[in-house]
Structures are given as structure tokens and as C-alpha cells.
Amino acid sequence: MSKVRQSLPVAIALFFGWLTLLGLVFNLPPVVTNLTLGWAGLVVAFALVLGVLNLLVVHAERSWRKRNFYSAVLVLSMVAVFGIAFTDRMDITQNGLGRYFDWVQAPLEAALASLLAFFLLFAGFQLIKRQRTVWSFLFLLTAVLLLIADILLVTTWGPPVLRTWFMRFQDVIQNVIVIAGLRGLLIGVALGSILLAVRMLIGWERPYNK
């Protein structure tokens with residue numbers, strides 16, 4: 001009986017995995033592929049709802065028993081968002097979620113993004129204190145030059161020649177080095193996803209059976 005319980009999830013996962021793959025390759029009837037993808041979307045939706053409810057319950061219990069301030073803020077924020085979404089749905093309020101995003105979410109994201117510059121400078125100085133290598137100095141120098149380029153971009157300080165050189169440096173960093181690094185990361189993610197999918201299709205990887 002225990003072997004059946006262990007092999008049944010593997011058999012179901014392999015069946016639907018190969019069915020979806022064959023439907024994308026050999027153009028199976030749309031009913032089969034649409035039904036499979038619809039079931040997958042339904043399972044993902046239920047998993048998302050259960051994850052949100054679990055997060056709410058865990059932090060509500062933590063804020064009640066341990067008097068955790070951050071958990072209480074999280075619970076209140078989640079309840080507020082759910083309430084605004086419900087009132088928007090019932091036409092009690094108009095574009096409440098949009099106003100919440102403009103007044104709360106966007107300022108918080110802007111504040112965190114502005115702190116990122118100070119975090120990079122602090123990390124560069126700490127890195128030089130611990131490891132005085134060429135890469136450490138290059139990291140700190142790049143961060144400082146990019147910050148100066150951003151300052152010159154939004155202000156009129158400095159001579160035009162200096163502004164032009166800093167803007168060219170910023171353009172090279174962002175459009176050549178950064179994009180190359182992002183493409184390398186995306187290629188690595190794609191190769192890892194393909195490898196994981198192949199291992200799951202042949203039954204070597206079983207995250208659903210753990």
C-alpha cells in the first residue's frame with residue numbers, strides 16, 4: 001500500500017507532464033491541452049489562496065501571542081487590501097486599489113530604491129576593508145561614478161564636457177555590461193528550467209512527493 005502511495009503521485013505527474021509536452025509538439029486536439037492547462041491554473045490558484053491564508057494566519061497568531069509589531073502591520077495591511085478590493089468589487093469605492101498603489105506601494109518602492117544607492121556604497125567600503133582586491137576597488141569606483149552620472153543627469157552642475165563623459169560611461173555600463181549580465185542570468189535560468197523539466201519528466205526529480 002505504501003508503494004502505491006509513493007508511485008501514484010509520480011505516475012500522475014509523468015502522465016500530465018508528457019501529455020502537455022506532446023500537446024505542444026505534435027499539435028494534439030485543443031480540448032486536451034486546454035483542459036490540462038486549465039486544471040494546472042486551477043491548482044495554482046488554490047495553492048496561491050492557501051499560501052496567502054497561511055501567511056495571514058501565521059502572522060495573526062504571532063502578532064497576538066508574541067505581540068510582534070511587524071506581524072501586526074502585515075496583517076492589517078493584508079486586511080486593508082482585501083477590504084479595498086471587496087469594496088471596489090461591490091462598487092462601493094472607485095479605483096481603491098489604484099489609489100492604494102499610488103499612495104502607499106509606489107512611495108515605499110521609491111524609498112527602497114533610493115536607499116539602494118547608499119547600501120551599494122556601504123557594501124563597497126566594507127568590501128574594501130575586508131578584501132583589498134582589484135575587483136573591490138572596481139565595484140566601489142563603478143558605484144560612485146554611476147551615482148555621479150545620475151546626479152549630473154538630473155541637475156545642471158558641472159561643465160557640459162564632464163556631463164557628456166559621465167553620461168557616456170553610464171550608457172556603456174547600463175546598455176552593455178548590465179544587459180550582458182542579465183542575459184547570462186536568463187540563459188542560466190532557462191537551462192536550469194529545462195534540466196529540471198527533463199528530470200521531472202523522466203521521474204528523477206520528485207518535489208511533489210516530499
# chains A, B, ... in the order shown; residues from 1 in each chain; ligands from 1
$ residues_around --residues "Leu127 (chain A)" --least-positions-apart "4" --cutoff "10 Å" --atoms "only C-alpha atoms" --output "PyMOL selection string"
chain A and resi 121-123+131-133+135-137+139-140
$ write_last_selection --atoms "C-alpha atoms" --output "CSV table (one decimal), in the first residue's frame"
chain,number,residue,atom,x,y,z
A,121,LEU,CA,28.3,52.4,-1.3
A,122,PHE,CA,28.4,51.0,2.2
A,123,ALA,CA,28.9,47.5,0.8
A,131,GLN,CA,39.3,42.3,0.8
A,132,ARG,CA,41.5,44.9,-0.9
A,133,THR,CA,41.5,43.5,-4.4
A,135,TRP,CA,37.5,43.8,-8.0
A,136,SER,CA,36.6,45.5,-4.8
A,137,PHE,CA,38.0,48.9,-5.9
A,139,PHE,CA,33.0,47.8,-7.7
A,140,LEU,CA,33.2,50.9,-5.5
$ residues_around --residues "Val75 (chain A)" --least-positions-apart "5" --cutoff "8 Å" --atoms "only C-alpha atoms" --output "PDB file with N, CA and C atoms, in the first residue's frame"
ATOM      1  N   LEU A  56      -1.433  34.790   6.441  1.00  0.00           N
ATOM      2  CA  LEU A  56      -2.273  35.622   7.299  1.00  0.00           C
ATOM      3  C   LEU A  56      -2.467  34.995   8.671  1.00  0.00           C
ATOM      4  N   HIS A  59       0.952  35.022  10.825  1.00  0.00           N
ATOM      5  CA  HIS A  59       1.321  36.334  11.358  1.00  0.00           C
ATOM      6  C   HIS A  59       0.262  36.880  12.310  1.00  0.00           C
ATOM      7  N   ALA A  60      -0.993  36.507  12.103  1.00  0.00           N
ATOM      8  CA  ALA A  60      -2.021  36.904  13.076  1.00  0.00           C
ATOM      9  C   ALA A  60      -1.769  36.250  14.430  1.00  0.00           C
TER      10      ALA A  60
END
$ closest_residue --among "A:Val104, A:Ile187, A:Val44, A:Ile92" --to "Ser77 (chain A)" --atoms "only C-alpha atoms"
A:Val104
$ atom_distance --atom1 "CA of Gln170 (chain A)" --atom2 "CA of Asp150 (chain A)"
8.3 Å
$ residues_around --residues "Leu35 (chain A)" --least-positions-apart "6" --cutoff "12 Å" --atoms "only C-alpha atoms" --output "list of chain:residue names"
A:Phe16, A:Leu19, A:Thr20, A:Gly23, A:Leu28, A:Pro29, A:Gly41, A:Leu42
$ select_by_dssp --residues "region 123-164 of chain A" --states "alpha helix (DSSP H)" --output "PyMOL selection string"
chain A and resi 123-130+134-154+160-164
$ residues_around --residues "region 191-197 of chain A" --least-positions-apart "3" --cutoff "12 Å" --atoms "only C-alpha atoms" --output "list in words"
Ala13, Leu14, Gly17, Trp18, Thr20, Leu21, Gly184, Leu185, Leu186, Ile187, Gly188, Met200, Leu201, Ile202, Gly203, Trp204, Glu205, Arg206 and Pro207 of chain A
$ atom_distance --atom1 "CA of Phe169 (chain A)" --atom2 "CA of Thr142 (chain A)"
9.6 Å
$ decode --residues "region 70-204 of chain A" --atoms "C-alpha atoms" --output "PDB file, in the first residue's frame"
ATOM      1  CA  TYR A  70       5.776  43.802  12.103  1.00  0.00           C
ATOM      2  CA  SER A  71       3.388  40.851  12.005  1.00  0.00           C
ATOM      3  CA  ALA A  72       0.569  43.128  13.140  1.00  0.00           C
ATOM      4  CA  VAL A  73       1.404  45.632  10.388  1.00  0.00           C
ATOM      5  CA  LEU A  74       1.419  42.814   7.836  1.00  0.00           C
ATOM      6  CA  VAL A  75      -1.952  41.510   8.991  1.00  0.00           C
ATOM      7  CA  LEU A  76      -3.521  44.980   8.972  1.00  0.00           C
ATOM      8  CA  SER A  77      -2.133  45.684   5.511  1.00  0.00           C
ATOM      9  CA  MET A  78      -3.475  42.418   4.110  1.00  0.00           C
ATOM     10  CA  VAL A  79      -6.906  43.014   5.657  1.00  0.00           C
ATOM     11  CA  ALA A  80      -6.937  46.567   4.301  1.00  0.00           C
ATOM     12  CA  VAL A  81      -6.066  45.408   0.775  1.00  0.00           C
ATOM     13  CA  PHE A  82      -8.719  42.681   0.891  1.00  0.00           C
ATOM     14  CA  GLY A  83     -11.251  45.206   2.158  1.00  0.00           C
ATOM     15  CA  ILE A  84     -10.427  47.719  -0.572  1.00  0.00           C
ATOM     16  CA  ALA A  85     -10.654  45.009  -3.236  1.00  0.00           C
ATOM     17  CA  PHE A  86     -14.045  43.929  -1.854  1.00  0.00           C
ATOM     18  CA  THR A  87     -15.414  47.484  -1.812  1.00  0.00           C
ATOM     19  CA  ASP A  88     -14.139  48.021  -5.370  1.00  0.00           C
ATOM     20  CA  ARG A  89     -15.852  44.810  -6.423  1.00  0.00           C
ATOM     21  CA  MET A  90     -19.130  45.870  -4.820  1.00  0.00           C
ATOM     22  CA  ASP A  91     -18.859  49.348  -6.435  1.00  0.00           C
ATOM     23  CA  ILE A  92     -18.737  50.992  -3.015  1.00  0.00           C
ATOM     24  CA  THR A  93     -15.419  52.636  -3.866  1.00  0.00           C
ATOM     25  CA  GLN A  94     -13.894  53.527  -7.209  1.00  0.00           C
ATOM     26  CA  ASN A  95     -10.294  52.531  -8.054  1.00  0.00           C
ATOM     27  CA  GLY A  96      -9.397  51.974  -4.402  1.00  0.00           C
ATOM     28  CA  LEU A  97      -6.583  49.568  -5.205  1.00  0.00           C
ATOM     29  CA  GLY A  98      -5.118  52.047  -7.687  1.00  0.00           C
ATOM     30  CA  ARG A  99      -5.104  54.784  -5.069  1.00  0.00           C
ATOM     31  CA  TYR A 100      -3.563  52.397  -2.536  1.00  0.00           C
ATOM     32  CA  PHE A 101      -0.784  51.662  -5.020  1.00  0.00           C
ATOM     33  CA  ASP A 102      -0.196  55.356  -5.756  1.00  0.00           C
ATOM     34  CA  TRP A 103      -0.245  56.464  -2.120  1.00  0.00           C
ATOM     35  CA  VAL A 104       1.419  53.528  -0.342  1.00  0.00           C
ATOM     36  CA  GLN A 105       3.061  50.974  -2.629  1.00  0.00           C
ATOM     37  CA  ALA A 106       4.764  53.360  -5.064  1.00  0.00           C
ATOM     38  CA  PRO A 107       6.291  55.630  -2.345  1.00  0.00           C
ATOM     39  CA  LEU A 108       7.593  52.597  -0.451  1.00  0.00           C
ATOM     40  CA  GLU A 109       9.200  51.184  -3.583  1.00  0.00           C
ATOM     41  CA  ALA A 110      10.747  54.559  -4.397  1.00  0.00           C
ATOM     42  CA  ALA A 111      12.139  54.848  -0.858  1.00  0.00           C
ATOM     43  CA  LEU A 112      13.678  51.372  -1.014  1.00  0.00           C
ATOM     44  CA  ALA A 113      15.155  52.088  -4.452  1.00  0.00           C
ATOM     45  CA  SER A 114      16.701  55.331  -3.194  1.00  0.00           C
ATOM     46  CA  LEU A 115      18.261  53.503  -0.232  1.00  0.00           C
ATOM     47  CA  LEU A 116      19.848  51.022  -2.615  1.00  0.00           C
ATOM     48  CA  ALA A 117      22.494  53.573  -3.619  1.00  0.00           C
ATOM     49  CA  PHE A 118      23.625  54.016   0.000  1.00  0.00           C
ATOM     50  CA  PHE A 119      23.620  50.251   0.506  1.00  0.00           C
ATOM     51  CA  LEU A 120      25.888  49.804  -2.517  1.00  0.00           C
ATOM     52  CA  LEU A 121      28.334  52.440  -1.280  1.00  0.00           C
ATOM     53  CA  PHE A 122      28.364  50.954   2.209  1.00  0.00           C
ATOM     54  CA  ALA A 123      28.877  47.460   0.779  1.00  0.00           C
ATOM     55  CA  GLY A 124      31.739  48.753  -1.372  1.00  0.00           C
ATOM     56  CA  PHE A 125      33.541  50.304   1.608  1.00  0.00           C
ATOM     57  CA  GLN A 126      33.020  47.185   3.709  1.00  0.00           C
ATOM     58  CA  LEU A 127      34.323  45.031   0.870  1.00  0.00           C
ATOM     59  CA  ILE A 128      37.476  47.122   0.575  1.00  0.00           C
ATOM     60  CA  LYS A 129      38.063  46.845   4.343  1.00  0.00           C
ATOM     61  CA  ARG A 130      37.866  43.063   4.200  1.00  0.00           C
ATOM     62  CA  GLN A 131      39.304  42.289   0.771  1.00  0.00           C
ATOM     63  CA  ARG A 132      41.500  44.889  -0.888  1.00  0.00           C
ATOM     64  CA  THR A 133      41.459  43.462  -4.373  1.00  0.00           C
ATOM     65  CA  VAL A 134      41.125  44.957  -7.822  1.00  0.00           C
ATOM     66  CA  TRP A 135      37.502  43.831  -8.038  1.00  0.00           C
ATOM     67  CA  SER A 136      36.623  45.528  -4.758  1.00  0.00           C
ATOM     68  CA  PHE A 137      38.011  48.870  -5.921  1.00  0.00           C
ATOM     69  CA  LEU A 138      36.349  48.416  -9.313  1.00  0.00           C
ATOM     70  CA  PHE A 139      32.980  47.776  -7.655  1.00  0.00           C
ATOM     71  CA  LEU A 140      33.229  50.872  -5.462  1.00  0.00           C
ATOM     72  CA  LEU A 141      34.506  53.047  -8.308  1.00  0.00           C
ATOM     73  CA  THR A 142      31.672  51.938 -10.597  1.00  0.00           C
ATOM     74  CA  ALA A 143      29.050  52.642  -7.926  1.00  0.00           C
ATOM     75  CA  VAL A 144      30.458  56.132  -7.256  1.00  0.00           C
ATOM     76  CA  LEU A 145      30.693  57.015 -10.954  1.00  0.00           C
ATOM     77  CA  LEU A 146      27.142  55.846 -11.622  1.00  0.00           C
ATOM     78  CA  LEU A 147      25.831  57.929  -8.722  1.00  0.00           C
ATOM     79  CA  ILE A 148      27.685  60.985 -10.031  1.00  0.00           C
ATOM     80  CA  ALA A 149      26.275  60.337 -13.505  1.00  0.00           C
ATOM     81  CA  ASP A 150      22.731  60.183 -12.092  1.00  0.00           C
ATOM     82  CA  ILE A 151      23.291  63.443 -10.232  1.00  0.00           C
ATOM     83  CA  LEU A 152      24.584  65.166 -13.355  1.00  0.00           C
ATOM     84  CA  LEU A 153      21.659  63.797 -15.328  1.00  0.00           C
ATOM     85  CA  VAL A 154      19.011  65.490 -13.183  1.00  0.00           C
ATOM     86  CA  THR A 155      20.934  68.689 -12.386  1.00  0.00           C
ATOM     87  CA  THR A 156      22.878  71.335 -14.306  1.00  0.00           C
ATOM     88  CA  TRP A 157      26.059  71.090 -12.253  1.00  0.00           C
ATOM     89  CA  GLY A 158      29.444  70.715 -13.877  1.00  0.00           C
ATOM     90  CA  PRO A 159      30.749  71.608 -17.332  1.00  0.00           C
ATOM     91  CA  PRO A 160      28.992  70.123 -20.381  1.00  0.00           C
ATOM     92  CA  VAL A 161      32.053  68.081 -21.338  1.00  0.00           C
ATOM     93  CA  LEU A 162      32.118  66.355 -17.949  1.00  0.00           C
ATOM     94  CA  ARG A 163      28.403  65.689 -18.128  1.00  0.00           C
ATOM     95  CA  THR A 164      28.789  64.162 -21.573  1.00  0.00           C
ATOM     96  CA  TRP A 165      31.574  61.810 -20.474  1.00  0.00           C
ATOM     97  CA  PHE A 166      29.677  60.659 -17.394  1.00  0.00           C
ATOM     98  CA  MET A 167      26.535  60.038 -19.438  1.00  0.00           C
ATOM     99  CA  ARG A 168      28.519  58.001 -21.953  1.00  0.00           C
ATOM    100  CA  PHE A 169      30.005  55.973 -19.119  1.00  0.00           C
ATOM    101  CA  GLN A 170      26.557  55.360 -17.662  1.00  0.00           C
ATOM    102  CA  ASP A 171      25.221  54.344 -21.069  1.00  0.00           C
ATOM    103  CA  VAL A 172      28.033  51.811 -21.563  1.00  0.00           C
ATOM    104  CA  ILE A 173      27.521  50.323 -18.098  1.00  0.00           C
ATOM    105  CA  GLN A 174      23.748  50.018 -18.392  1.00  0.00           C
ATOM    106  CA  ASN A 175      23.373  49.056 -22.053  1.00  0.00           C
ATOM    107  CA  VAL A 176      26.417  46.803 -22.425  1.00  0.00           C
ATOM    108  CA  ILE A 177      27.620  45.339 -19.135  1.00  0.00           C
ATOM    109  CA  VAL A 178      24.306  45.196 -17.258  1.00  0.00           C
ATOM    110  CA  ILE A 179      22.364  43.795 -20.220  1.00  0.00           C
ATOM    111  CA  ALA A 180      25.083  41.211 -20.844  1.00  0.00           C
ATOM    112  CA  GLY A 181      24.899  40.111 -17.204  1.00  0.00           C
ATOM    113  CA  LEU A 182      21.092  39.922 -17.298  1.00  0.00           C
ATOM    114  CA  ARG A 183      21.170  37.872 -20.485  1.00  0.00           C
ATOM    115  CA  GLY A 184      23.650  35.496 -18.873  1.00  0.00           C
ATOM    116  CA  LEU A 185      21.358  35.108 -15.873  1.00  0.00           C
ATOM    117  CA  LEU A 186      18.345  34.488 -18.102  1.00  0.00           C
ATOM    118  CA  ILE A 187      20.240  31.876 -20.097  1.00  0.00           C
ATOM    119  CA  GLY A 188      21.249  30.161 -16.857  1.00  0.00           C
ATOM    120  CA  VAL A 189      17.656  30.217 -15.588  1.00  0.00           C
ATOM    121  CA  ALA A 190      16.406  28.816 -18.904  1.00  0.00           C
ATOM    122  CA  LEU A 191      18.965  25.984 -18.881  1.00  0.00           C
ATOM    123  CA  GLY A 192      18.149  25.199 -15.258  1.00  0.00           C
ATOM    124  CA  SER A 193      14.418  25.147 -16.018  1.00  0.00           C
ATOM    125  CA  ILE A 194      14.947  22.821 -18.973  1.00  0.00           C
ATOM    126  CA  LEU A 195      17.108  20.494 -16.888  1.00  0.00           C
ATOM    127  CA  LEU A 196      14.570  20.460 -14.062  1.00  0.00           C
ATOM    128  CA  ALA A 197      11.723  19.777 -16.503  1.00  0.00           C
ATOM    129  CA  VAL A 198      13.627  16.881 -18.099  1.00  0.00           C
ATOM    130  CA  ARG A 199      14.422  15.377 -14.691  1.00  0.00           C
ATOM    131  CA  MET A 200      10.753  15.647 -13.701  1.00  0.00           C
ATOM    132  CA  LEU A 201       9.557  14.110 -16.982  1.00  0.00           C
ATOM    133  CA  ILE A 202      11.790  11.060 -16.542  1.00  0.00           C
ATOM    134  CA  GLY A 203      10.962  10.740 -12.861  1.00  0.00           C
ATOM    135  CA  TRP A 204      14.339  11.622 -11.350  1.00  0.00           C
TER     136      TRP A 204
END
